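**Q** Please read through the structure below; I'll follow up with questions.
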Amino acid sequence: MSDRFDVAGIEERARTAGYRDGLIELFAAAVLLSLAVLWVASPALVGIGSAFIVLYGWKVVERVKQRVTYPRIGYFQERPEAPDSTARGMLTFIGLSFGLMVLAVLFSGGLGDAASWRRAAPLMSGVTLAGAFWYMGDRSGFARHKVLAVYSAVTGLLLWVFGSGESYEAVVWHLLGVAAPLAAAGTWGLVRFLHTHPVQETSADG
């Protein structure tokens, strides 16, 4: 009988452990809160803010993990996904979300109706975030991330159906409505992680 390591299983368990600190949920909640503020200030700022988050957000998460997570469970370097494939998948999904938004605008009033675009904004937000949470759930193995994906899509749809289109208030409420359970889940995860994973003190006697 030969000894064989379940490499895929080991990587999956190590990756799941890296999500137990709740930091990804807290970071996502902070991002959604920031985007909600930008929507209130000026919708034109949302794209700039999103680009800044994509470029620098993970660096912030990594710095916090170096202080909080790695001293408790060690460092795990995942095998990187093909960047071209990942970027293509993200752009494809965002494109599909925008296409759904266009169809919603055509259905509710027409491309020239500004109120229809404002009304459909939470629908695009809901579907786009749903894709991000579902991907997160595939990576983490946690059912709560996929529950959040469904929640985001359903609330975005409801806000589109019942929204007035008078302002971008509906998309702001959607972002805040998703940020709240994210913050709660992240806080719970972080407190539990700190309690169950104390920093291992090294003995000076060696």
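Please note that chains go A, B, ... in the order of the structure tokens, that every chain numbers its residues from 1, and that ligands are numbered from 1 in the order shown.
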Quick one: everything within 9 Å of A:Phe193, counting only C-alpha atoms, minus sequence neighbours fewer than 3 positions away in the same chain. Send it as a list in words.

**A**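 These residues fall inside the cut-off: Arg20, Asp21, Gly22, Thr69, Trp188, Gly189, Leu190, Thr196, His197 and Pro198 of chain A.
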
**Q** Which residues are near stretch 113-122 of chain A? Cut-off 10 Å, only C-alpha atoms, ignore same chain within fewer than 6 positions. Put them as number ranges by chain.

**A** A: 98, 100-107, 128, 152-153, 155-175

**Q** Output C-alpha atoms for every residue in the selection just made, as an mmCIF file, in the first residue's frame.

**A**
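That gives us again-v8.cif:
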```cif
data_model
loop_
_atom_site.group_PDB
_atom_site.id
_atom_site.type_symbol
_atom_site.label_atom_id
_atom_site.label_comp_id
_atom_site.auth_asym_id
_atom_site.auth_seq_id
_atom_site.Cartn_x
_atom_site.Cartn_y
_atom_site.Cartn_z
ATOM 1 C CA PHE A 98 -24.744 45.029 -17.891
ATOM 2 C CA LEU A 100 -29.298 42.247 -18.173
ATOM 3 C CA MET A 101 -29.489 45.853 -17.014
ATOM 4 C CA VAL A 102 -29.995 47.040 -20.606
ATOM 5 C CA LEU A 103 -32.798 44.520 -21.094
ATOM 6 C CA ALA A 104 -34.402 45.742 -17.859
ATOM 7 C CA VAL A 105 -34.177 49.351 -19.092
ATOM 8 C CA LEU A 106 -35.746 48.412 -22.441
ATOM 9 C CA PHE A 107 -38.510 46.559 -20.633
ATOM 10 C CA THR A 128 -22.664 41.567 -10.169
ATOM 11 C CA SER A 152 -27.787 40.033 -3.306
ATOM 12 C CA ALA A 153 -29.484 38.938 -6.539
ATOM 13 C CA THR A 155 -32.732 42.128 -3.208
ATOM 14 C CA GLY A 156 -31.385 43.768 -6.374
ATOM 15 C CA LEU A 157 -34.312 42.334 -8.336
ATOM 16 C CA LEU A 158 -36.860 43.501 -5.760
ATOM 17 C CA LEU A 159 -35.427 47.003 -5.640
ATOM 18 C CA TRP A 160 -35.637 47.183 -9.436
ATOM 19 C CA VAL A 161 -39.247 46.005 -9.443
ATOM 20 C CA PHE A 162 -40.385 48.377 -6.708
ATOM 21 C CA GLY A 163 -37.995 51.284 -7.318
ATOM 22 C CA SER A 164 -39.261 54.608 -8.627
ATOM 23 C CA GLY A 165 -36.216 55.663 -10.650
ATOM 24 C CA GLU A 166 -36.397 59.181 -9.251
ATOM 25 C CA SER A 167 -32.833 58.895 -7.906
ATOM 26 C CA TYR A 168 -30.041 56.389 -7.291
ATOM 27 C CA GLU A 169 -31.348 55.860 -3.769
ATOM 28 C CA ALA A 170 -32.314 52.234 -4.524
ATOM 29 C CA VAL A 171 -28.773 51.151 -5.420
ATOM 30 C CA VAL A 172 -27.465 52.862 -2.287
ATOM 31 C CA TRP A 173 -29.948 50.908 -0.183
ATOM 32 C CA HIS A 174 -28.915 47.716 -1.942
ATOM 33 C CA LEU A 175 -25.239 48.257 -1.177
#
```

**Q** Just want the 12 Å neighbourhood of A:Asp138, counted on only C-alpha atoms, with same-chain residues fewer than 4 positions away dropped. Output as a list in words.

**A**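 In the requested format, the answer is Glu12, Arg15, Thr16, Tyr19, Gly131, Ala132, Phe133, Trp134, Phe142, Ala143, Arg144, His145, Lys146, Val147 and Ala149 of chain A.
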
**Q** Could you please determine the separation between atom CA of A:Leu111 and atom CA of A:Leu96 in Å, to one decimal place?

**A**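 Those two atoms sit 17.1 Å apart.
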
**Q** According to DSSP computed on the backbone, where in stretch 29-138 of chain A is there helix (DSSP H, G or I)? Give the residues as a ChimeraX atom specification.

**A** /A:29-41,44-68,70-73,83-108,114-138

**Q** Excluding same-chain residues fewer than 6 positions from stretch 54-59 of chain A, what lies within 12 Å of it counting only C-alpha atoms, as a VMD selection string?

**A** chain A and resid 23 to 24 27 to 28 30 to 31 47 to 48 65 to 66 87

**Q** Could you write out that same residue set with C-alpha atoms as an mmCIF file, in the first residue's frame?

**A**
```cif
data_model
loop_
_atom_site.group_PDB
_atom_site.id
_atom_site.type_symbol
_atom_site.label_atom_id
_atom_site.label_comp_id
_atom_site.auth_asym_id
_atom_site.auth_seq_id
_atom_site.Cartn_x
_atom_site.Cartn_y
_atom_site.Cartn_z
ATOM 1 C CA LEU A 23 -11.422 39.684 7.103
ATOM 2 C CA ILE A 24 -12.679 39.197 3.562
ATOM 3 C CA PHE A 27 -13.213 44.252 3.713
ATOM 4 C CA ALA A 28 -16.142 43.638 1.341
ATOM 5 C CA ALA A 30 -16.156 48.422 3.873
ATOM 6 C CA VAL A 31 -15.960 48.464 0.068
ATOM 7 C CA GLY A 47 -16.017 53.951 -11.453
ATOM 8 C CA ILE A 48 -12.944 55.755 -10.089
ATOM 9 C CA LYS A 65 -3.574 39.170 7.286
ATOM 10 C CA GLN A 66 0.162 39.445 7.925
ATOM 11 C CA ALA A 87 -9.861 38.458 -16.072
#
```

**Q** Restricting the calculation to only C-alpha atoms: of A:Ser97, A:Leu176, A:Arg139, A:Pro71, which residue gets closest to A:Val37?

**A**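 Among the listed residues, A:Leu176 lies closest to A:Val37.
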
**Q** What is the atom CA of A:Leu26-atom CA of A:Gly74 distance in Å, reported with one decimal?

**A**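 Separating atom CA of A:Leu26 from atom CA of A:Gly74 is a distance of 20.6 Å.
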
**Q** What is the distance, in Å and to one decimal place, between atom CA of A:Leu33 and atom CA of A:Ala179?

**A**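 A separation of 6.5 Å between them.
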